[in-house]
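Just below is one structure, and these are the notes that go with it.
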Amino acid sequence: MLSDSEVEELLSFLTPATRPDVKGHAVEYILGLSGNRDGCRYLRTKPGLLTSLFALTSDPSVAIAKDCYHILINLSADDTLHQVLVKEVNIVPALLKNLLNPEFPFADQICTIFSNLTRHEKTCKHVFQVLQEEAGLAQLVEVFCAEGYNKKASLHYLGPLLSNLTQLPEARNYIMDKDRCVVQRLLPYTQYQASAVRRGGVVGTLRNCCFNYAHHEWLLSDAVDVLPFLLLPLAGPEELTDQENEGLPVDLQYLPEDKEREEDPDIRKMLLETLLLLTATKAGRQILKKKNVYPLMREFHRWEKDVYVTSACEKLVQVGRLKFPNKHGYFNYQKIKHKRISVFFFFYFLHSY
(Lines give C-alpha, C1' and ligand atoms only; values in the text may rest on other atoms or scores of the structure.)
Protein backbone atom coordinates (compact mmCIF):
# COMPACT_ATOMS: atom_id res chain seq x y z
CA MET A 1 0.00 0.00 0.00
CA LEU A 2 0.99 3.66 -0.08
CA SER A 3 3.60 5.20 2.21
CA ASP A 4 2.70 8.31 4.21
CA SER A 5 4.57 10.53 1.76
CA GLU A 6 2.74 8.97 -1.18
CA VAL A 7 -0.59 9.53 0.56
CA GLU A 8 0.29 13.20 1.04
CA GLU A 9 1.21 13.50 -2.63
CA LEU A 10 -2.04 11.80 -3.67
CA LEU A 11 -4.00 14.14 -1.41
CA SER A 12 -2.43 17.12 -3.13
CA PHE A 13 -3.98 15.94 -6.41
CA LEU A 14 -7.49 15.60 -4.94
CA THR A 15 -8.32 19.28 -4.85
CA PRO A 16 -10.73 21.31 -6.97
CA ALA A 17 -7.84 23.41 -8.33
CA THR A 18 -5.86 20.42 -9.65
CA ARG A 19 -5.70 19.95 -13.43
CA PRO A 20 -8.59 17.67 -14.50
CA ASP A 21 -6.32 15.05 -16.12
CA VAL A 22 -4.10 14.75 -13.03
CA LYS A 23 -7.11 14.71 -10.72
CA GLY A 24 -8.80 12.09 -12.89
CA HIS A 25 -5.78 9.76 -12.74
CA ALA A 26 -5.62 10.10 -8.94
CA VAL A 27 -9.32 9.27 -8.60
CA GLU A 28 -8.97 6.30 -10.97
CA TYR A 29 -6.13 4.94 -8.82
CA ILE A 30 -8.30 5.08 -5.69
CA LEU A 31 -11.20 3.53 -7.60
CA GLY A 32 -8.89 0.59 -8.32
CA LEU A 33 -7.97 0.36 -4.64
CA SER A 34 -11.64 0.28 -3.64
CA GLY A 35 -12.28 -2.68 -5.94
CA ASN A 36 -11.07 -5.22 -3.37
CA ARG A 37 -11.45 -5.75 0.35
CA ASP A 38 -7.81 -5.08 1.26
CA GLY A 39 -7.95 -1.76 -0.56
CA CYS A 40 -11.18 -0.78 1.20
CA ARG A 41 -9.72 -1.65 4.59
CA TYR A 42 -6.63 0.41 3.80
CA LEU A 43 -8.73 3.42 2.78
CA ARG A 44 -10.61 3.09 6.07
CA THR A 45 -7.41 4.22 7.82
CA LYS A 46 -7.17 7.35 5.62
CA PRO A 47 -10.23 9.49 6.40
CA GLY A 48 -8.44 12.50 4.89
CA LEU A 49 -8.44 10.80 1.50
CA LEU A 50 -12.09 9.89 1.88
CA THR A 51 -13.06 13.44 2.80
CA SER A 52 -11.26 14.79 -0.26
CA LEU A 53 -12.91 12.21 -2.48
CA PHE A 54 -16.33 13.05 -1.12
CA ALA A 55 -15.72 16.72 -1.89
CA LEU A 56 -14.96 15.74 -5.48
CA THR A 57 -18.46 14.27 -5.94
CA SER A 58 -19.29 17.91 -6.77
CA ASP A 59 -16.47 18.25 -9.29
CA PRO A 60 -17.37 19.98 -12.59
CA SER A 61 -16.03 16.94 -14.45
CA VAL A 62 -18.82 14.38 -14.80
CA ALA A 63 -16.30 11.55 -15.18
CA ILE A 64 -14.47 12.47 -11.96
CA ALA A 65 -17.68 12.92 -9.97
CA LYS A 66 -19.02 9.59 -11.26
CA ASP A 67 -15.83 7.76 -10.29
CA CYS A 68 -16.01 9.28 -6.81
CA TYR A 69 -19.55 7.97 -6.42
CA HIS A 70 -18.44 4.52 -7.57
CA ILE A 71 -15.69 4.59 -4.93
CA LEU A 72 -18.29 5.40 -2.28
CA ILE A 73 -20.45 2.53 -3.50
CA ASN A 74 -17.55 0.12 -3.15
CA LEU A 75 -16.60 1.44 0.28
CA SER A 76 -20.19 1.33 1.54
CA ALA A 77 -20.41 -2.35 0.53
CA ASP A 78 -17.84 -3.05 3.30
CA ASP A 79 -19.56 -2.67 6.67
CA THR A 80 -16.28 -1.93 8.46
CA LEU A 81 -16.24 1.46 6.72
CA HIS A 82 -19.78 2.48 7.61
CA GLN A 83 -18.97 4.44 10.75
CA VAL A 84 -16.06 6.21 9.07
CA LEU A 85 -18.30 7.28 6.20
CA VAL A 86 -21.25 8.46 8.28
CA LYS A 87 -19.37 9.90 11.27
CA GLU A 88 -15.94 11.10 10.16
CA VAL A 89 -16.69 11.97 6.54
CA ASN A 90 -20.36 12.78 7.32
CA ILE A 91 -21.67 11.86 3.90
CA VAL A 92 -25.36 11.38 4.75
CA PRO A 93 -26.81 14.95 4.84
CA ALA A 94 -25.29 16.05 1.52
CA LEU A 95 -26.17 12.77 -0.21
CA LEU A 96 -29.76 12.97 1.03
CA LYS A 97 -30.13 16.51 -0.28
CA ASN A 98 -28.86 15.43 -3.71
CA LEU A 99 -31.06 12.33 -3.73
CA LEU A 100 -34.18 14.46 -3.31
CA ASN A 101 -33.13 16.83 -6.08
CA PRO A 102 -35.16 15.80 -9.18
CA GLU A 103 -32.41 17.09 -11.49
CA PHE A 104 -29.45 15.35 -9.86
CA PRO A 105 -27.69 13.01 -12.31
CA PHE A 106 -26.15 10.62 -9.76
CA ALA A 107 -29.27 9.88 -7.70
CA ASP A 108 -29.11 6.17 -8.57
CA GLN A 109 -25.58 5.94 -7.18
CA ILE A 110 -26.75 7.64 -3.98
CA CYS A 111 -29.63 5.15 -3.65
CA THR A 112 -27.10 2.34 -3.88
CA ILE A 113 -24.83 3.89 -1.25
CA PHE A 114 -27.78 4.30 1.12
CA SER A 115 -28.93 0.74 0.42
CA ASN A 116 -25.49 -0.51 1.43
CA LEU A 117 -25.20 1.72 4.49
CA THR A 118 -28.59 0.72 5.87
CA ARG A 119 -27.96 -3.02 5.77
CA HIS A 120 -26.80 -2.94 9.39
CA GLU A 121 -28.92 -1.59 12.21
CA LYS A 122 -26.41 0.83 13.74
CA THR A 123 -25.79 2.73 10.52
CA CYS A 124 -29.44 2.36 9.53
CA LYS A 125 -30.44 4.24 12.69
CA HIS A 126 -28.05 7.07 11.81
CA VAL A 127 -29.37 7.35 8.24
CA PHE A 128 -32.98 7.27 9.47
CA GLN A 129 -32.28 9.97 12.06
CA VAL A 130 -30.77 12.29 9.44
CA LEU A 131 -33.62 11.49 7.06
CA GLN A 132 -36.19 12.46 9.67
CA GLU A 133 -34.33 15.68 10.52
CA GLU A 134 -33.73 16.77 6.94
CA ALA A 135 -36.77 15.57 5.01
CA GLY A 136 -38.77 12.79 6.62
CA LEU A 137 -39.69 9.29 5.53
CA ALA A 138 -42.88 10.68 4.03
CA GLN A 139 -40.90 12.56 1.38
CA LEU A 140 -38.83 9.48 0.57
CA VAL A 141 -42.02 7.48 -0.02
CA GLU A 142 -43.39 10.30 -2.18
CA VAL A 143 -40.27 10.21 -4.35
CA PHE A 144 -40.45 6.41 -4.60
CA CYS A 145 -44.09 6.47 -5.72
CA ALA A 146 -43.69 9.39 -8.15
CA GLU A 147 -43.02 7.78 -11.52
CA GLY A 148 -40.38 9.74 -13.40
CA TYR A 149 -39.51 11.94 -10.42
CA ASN A 150 -35.94 12.19 -11.70
CA LYS A 151 -35.58 12.03 -15.50
CA LYS A 152 -31.89 11.18 -15.13
CA ALA A 153 -32.28 8.29 -12.67
CA SER A 154 -34.60 5.31 -12.21
CA LEU A 155 -34.44 5.42 -8.37
CA HIS A 156 -35.21 1.69 -8.24
CA TYR A 157 -32.84 1.21 -5.30
CA LEU A 158 -35.14 3.29 -3.12
CA GLY A 159 -36.99 -0.03 -2.80
CA PRO A 160 -34.15 -1.84 -0.99
CA LEU A 161 -33.55 1.33 1.03
CA LEU A 162 -37.16 1.30 2.28
CA SER A 163 -36.82 -2.39 3.05
CA ASN A 164 -33.65 -1.80 5.05
CA LEU A 165 -35.18 1.12 6.94
CA THR A 166 -38.09 -1.06 8.05
CA GLN A 167 -35.78 -3.13 10.21
CA LEU A 168 -36.34 -0.16 12.58
CA PRO A 169 -39.61 -0.03 14.58
CA GLU A 170 -39.98 3.71 13.87
CA ALA A 171 -39.96 3.14 10.11
CA ARG A 172 -42.35 0.20 10.37
CA ASN A 173 -44.74 2.26 12.47
CA TYR A 174 -44.83 4.95 9.78
CA ILE A 175 -45.41 2.48 6.95
CA MET A 176 -48.19 0.77 8.93
CA ASP A 177 -49.92 3.96 10.11
CA LYS A 178 -53.58 3.42 9.27
CA ASP A 179 -54.18 7.13 8.69
CA ARG A 180 -51.40 7.63 6.13
CA CYS A 181 -52.27 4.91 3.55
CA VAL A 182 -48.57 4.31 2.89
CA VAL A 183 -48.70 0.53 2.65
CA GLN A 184 -51.59 0.75 0.16
CA ARG A 185 -49.43 2.91 -2.11
CA LEU A 186 -46.60 0.38 -2.02
CA LEU A 187 -48.65 -2.73 -2.79
CA PRO A 188 -48.84 -2.34 -6.61
CA TYR A 189 -45.04 -2.51 -6.77
CA THR A 190 -45.08 -6.22 -5.90
CA GLN A 191 -45.84 -6.67 -9.61
CA TYR A 192 -43.72 -3.83 -11.01
CA GLN A 193 -42.35 -5.44 -14.17
CA ALA A 194 -39.79 -2.78 -15.02
CA SER A 195 -37.49 -3.59 -12.10
CA ALA A 196 -36.89 -6.68 -9.95
CA VAL A 197 -34.95 -4.43 -7.57
CA ARG A 198 -37.99 -2.23 -6.92
CA ARG A 199 -40.29 -5.26 -6.61
CA GLY A 200 -37.94 -6.98 -4.20
CA GLY A 201 -37.54 -3.85 -2.10
CA VAL A 202 -41.29 -3.49 -1.64
CA VAL A 203 -41.77 -7.19 -0.85
CA GLY A 204 -38.95 -6.95 1.69
CA THR A 205 -40.65 -3.90 3.22
CA LEU A 206 -43.96 -5.76 3.53
CA ARG A 207 -42.26 -8.78 5.05
CA ASN A 208 -40.50 -6.70 7.68
CA CYS A 209 -43.73 -4.89 8.55
CA CYS A 210 -45.53 -8.21 9.01
CA PHE A 211 -43.37 -9.07 12.01
CA ASN A 212 -45.81 -6.91 13.97
CA TYR A 213 -48.69 -9.34 14.44
CA ALA A 214 -51.03 -6.63 15.70
CA HIS A 215 -51.47 -5.31 12.14
CA HIS A 216 -52.27 -8.64 10.48
CA GLU A 217 -56.05 -8.46 10.55
CA TRP A 218 -55.94 -4.88 9.22
CA LEU A 219 -53.60 -5.93 6.40
CA LEU A 220 -55.87 -8.82 5.46
CA SER A 221 -59.05 -6.71 5.70
CA ASP A 222 -60.68 -4.81 2.83
CA ALA A 223 -58.95 -1.62 4.06
CA VAL A 224 -55.63 -2.92 2.70
CA ASP A 225 -56.40 -6.28 1.07
CA VAL A 226 -52.76 -7.32 0.97
CA LEU A 227 -53.41 -10.95 0.02
CA PRO A 228 -53.92 -10.57 -3.78
CA PHE A 229 -50.73 -8.51 -4.05
CA LEU A 230 -48.75 -11.28 -2.35
CA LEU A 231 -50.41 -14.16 -4.18
CA LEU A 232 -50.61 -12.89 -7.78
CA PRO A 233 -46.82 -13.03 -8.32
CA LEU A 234 -46.90 -16.67 -7.13
CA ALA A 235 -49.92 -17.71 -9.19
CA GLY A 236 -49.55 -19.45 -12.54
CA PRO A 237 -51.80 -20.47 -15.45
CA GLU A 238 -52.81 -23.85 -14.02
CA GLU A 239 -56.51 -24.67 -14.06
CA LEU A 240 -58.23 -24.97 -10.70
CA THR A 241 -61.67 -26.43 -10.09
CA ASP A 242 -64.64 -24.07 -10.07
CA GLN A 243 -64.96 -24.56 -6.34
CA GLU A 244 -61.29 -23.66 -5.76
CA ASN A 245 -61.53 -20.62 -8.04
CA GLU A 246 -64.64 -19.26 -6.39
CA GLY A 247 -62.96 -19.30 -3.00
CA LEU A 248 -59.99 -17.24 -4.20
CA PRO A 249 -59.82 -13.43 -4.12
CA VAL A 250 -61.45 -12.07 -7.28
CA ASP A 251 -58.13 -10.96 -8.81
CA LEU A 252 -56.86 -14.54 -8.68
CA GLN A 253 -59.85 -16.29 -10.19
CA TYR A 254 -59.62 -17.89 -13.64
CA LEU A 255 -56.21 -16.55 -14.54
CA PRO A 256 -55.25 -16.54 -18.25
CA GLU A 257 -53.16 -19.27 -19.86
CA ASP A 258 -50.23 -16.89 -20.34
CA LYS A 259 -50.04 -15.92 -16.65
CA GLU A 260 -46.41 -15.94 -15.52
CA ARG A 261 -45.00 -16.20 -12.02
CA GLU A 262 -42.42 -13.96 -10.40
CA GLU A 263 -39.13 -14.80 -12.12
CA ASP A 264 -36.79 -13.98 -9.22
CA PRO A 265 -36.50 -16.86 -6.69
CA ASP A 266 -35.41 -14.53 -3.89
CA ILE A 267 -38.56 -12.45 -4.33
CA ARG A 268 -40.72 -15.60 -4.48
CA LYS A 269 -39.15 -16.72 -1.21
CA MET A 270 -39.81 -13.35 0.44
CA LEU A 271 -43.44 -13.44 -0.70
CA LEU A 272 -43.85 -16.86 0.90
CA GLU A 273 -42.15 -15.66 4.09
CA THR A 274 -44.58 -12.75 4.23
CA LEU A 275 -47.54 -15.11 3.85
CA LEU A 276 -46.02 -17.31 6.52
CA LEU A 277 -45.85 -14.39 8.93
CA LEU A 278 -49.52 -13.67 8.27
CA THR A 279 -50.34 -17.16 9.57
CA ALA A 280 -48.87 -16.33 13.00
CA THR A 281 -52.34 -15.73 14.42
CA LYS A 282 -55.38 -17.97 14.36
CA ALA A 283 -57.34 -15.22 12.58
CA GLY A 284 -54.67 -14.98 9.88
CA ARG A 285 -54.69 -18.74 9.29
CA GLN A 286 -58.45 -18.75 9.05
CA ILE A 287 -58.46 -15.94 6.50
CA LEU A 288 -55.84 -17.67 4.33
CA LYS A 289 -57.84 -20.89 4.50
CA LYS A 290 -61.08 -19.08 3.65
CA LYS A 291 -59.40 -17.39 0.67
CA ASN A 292 -58.29 -20.79 -0.70
CA VAL A 293 -54.60 -19.98 -0.54
CA TYR A 294 -53.56 -23.60 -0.16
CA PRO A 295 -54.76 -24.94 -3.55
CA LEU A 296 -52.78 -22.09 -5.10
CA MET A 297 -49.73 -23.17 -3.08
CA ARG A 298 -50.26 -26.76 -4.23
CA GLU A 299 -49.85 -25.72 -7.86
CA PHE A 300 -46.97 -23.42 -7.00
CA HIS A 301 -45.16 -26.25 -5.20
CA ARG A 302 -45.51 -28.48 -8.26
CA TRP A 303 -44.01 -25.75 -10.45
CA GLU A 304 -41.22 -24.50 -8.19
CA LYS A 305 -37.70 -25.89 -8.81
CA ASP A 306 -35.64 -23.88 -6.31
CA VAL A 307 -35.11 -25.97 -3.17
CA TYR A 308 -35.09 -22.98 -0.80
CA VAL A 309 -38.31 -21.57 -2.22
CA THR A 310 -39.89 -25.02 -2.13
CA SER A 311 -38.92 -25.31 1.54
CA ALA A 312 -40.54 -21.94 2.30
CA CYS A 313 -43.72 -23.09 0.53
CA GLU A 314 -43.81 -26.30 2.56
CA LYS A 315 -43.44 -24.32 5.80
CA LEU A 316 -46.38 -22.14 4.83
CA VAL A 317 -48.61 -25.14 4.15
CA GLN A 318 -47.40 -26.86 7.33
CA VAL A 319 -48.26 -23.89 9.54
CA GLY A 320 -51.59 -23.37 7.80
CA ARG A 321 -52.67 -26.79 8.98
CA LEU A 322 -51.84 -26.15 12.65
CA LYS A 323 -54.78 -25.71 14.99
CA PHE A 324 -53.10 -24.99 18.30
CA PRO A 325 -51.19 -21.70 18.69
CA ASN A 326 -49.32 -20.99 21.91
CA LYS A 327 -51.01 -19.55 25.01
CA HIS A 328 -50.69 -16.01 23.59
CA GLY A 329 -52.57 -16.95 20.44
CA TYR A 330 -49.47 -16.80 18.21
CA PHE A 331 -47.52 -19.56 16.55
CA ASN A 332 -43.89 -19.94 17.65
CA TYR A 333 -41.84 -19.73 14.44
CA GLN A 334 -38.75 -21.18 16.10
CA LYS A 335 -40.44 -24.56 15.70
CA ILE A 336 -40.03 -24.32 11.97
CA LYS A 337 -36.59 -22.67 12.13
CA HIS A 338 -37.76 -19.46 10.54
CA LYS A 339 -36.11 -16.26 11.65
CA ARG A 340 -36.37 -12.65 10.73
CA ILE A 341 -34.26 -11.41 7.87
CA SER A 342 -34.31 -7.70 8.40
CA VAL A 343 -32.70 -6.34 5.28
CA PHE A 344 -32.65 -6.72 1.54
CA PHE A 345 -29.01 -7.31 0.64
CA PHE A 346 -27.27 -5.57 -2.22
CA PHE A 347 -23.59 -5.45 -3.08
CA TYR A 348 -22.46 -3.20 -5.90
CA PHE A 349 -18.77 -3.93 -6.32
CA LEU A 350 -16.65 -2.32 -9.03
CA HIS A 351 -13.45 -4.08 -9.87
CA SER A 352 -10.27 -2.17 -10.56
CA TYR A 353 -9.48 -1.19 -14.09
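Lettering and numbering for the C-alpha coordinates are positional, with chains as A, B, ... in the shown order, residues counted from 1 in each chain, and ligands counted from 1 in the shown order.
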A:Lys46 environment, 12 Å, only C-alpha atoms, sequence neighbours closer than 6 positions dropped, as a list in words: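 So, after excluding close chain neighbours, the residues are Met1, Leu2, Ser3, Asp4, Val7, Glu8, Leu10, Leu11, Ile30, Gly39, Cys40, Ser52, Leu53, Leu81, Val84, Leu85, Glu88 and Val89 of chain A.
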Shell of 12 Å around A:Gln129, only C-alpha atoms, local chain residues under 5 positions omitted, as JSON, numbers by chain: {"A": [86, 92, 93, 96, 118, 122, 123, 124, 134, 135, 136, 137, 165, 168, 170, 171]}
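Interatomic distance, atom CA of A:Thr281 against atom CA of A:His216: 8.1 Å.
Between atom CA of A:Glu103 and atom CA of A:Tyr157 the separation is 17.0 Å.
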Among the residues A:Asn245, A:Ser154, A:Gln83, A:Gln109, the one that comes closest to A:Asn292 [using only C-alpha atoms]: A:Asn245
Point-to-point distance from atom CA of A:Glu6 to atom CA of A:Lys66, Å rounded to tenths: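 Between these atoms lies a distance of 24.0 Å.
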Of the listed residues A:Glu246, A:Asp264, A:Glu147, A:Glu217, that which approaches A:Gly200 most closely, counting only C-alpha atoms: A:Asp264
Which of A:Asn90, A:Asn101, A:Ser195, A:Ser12 sits closest to A:Val130 [using only C-alpha atoms]: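 Checking each candidate against A:Val130, we get A:Asn90 as the closest.
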Residue list (helix (DSSP H, G or I), DSSP) for stretch 144-349 of chain A, as number ranges by chain: A: 144-145, 158-165, 169-175, 182-191, 196-209, 213-220, 227-234, 242-247, 250-252, 265-278, 282-290, 293-303, 307-320, 333-336
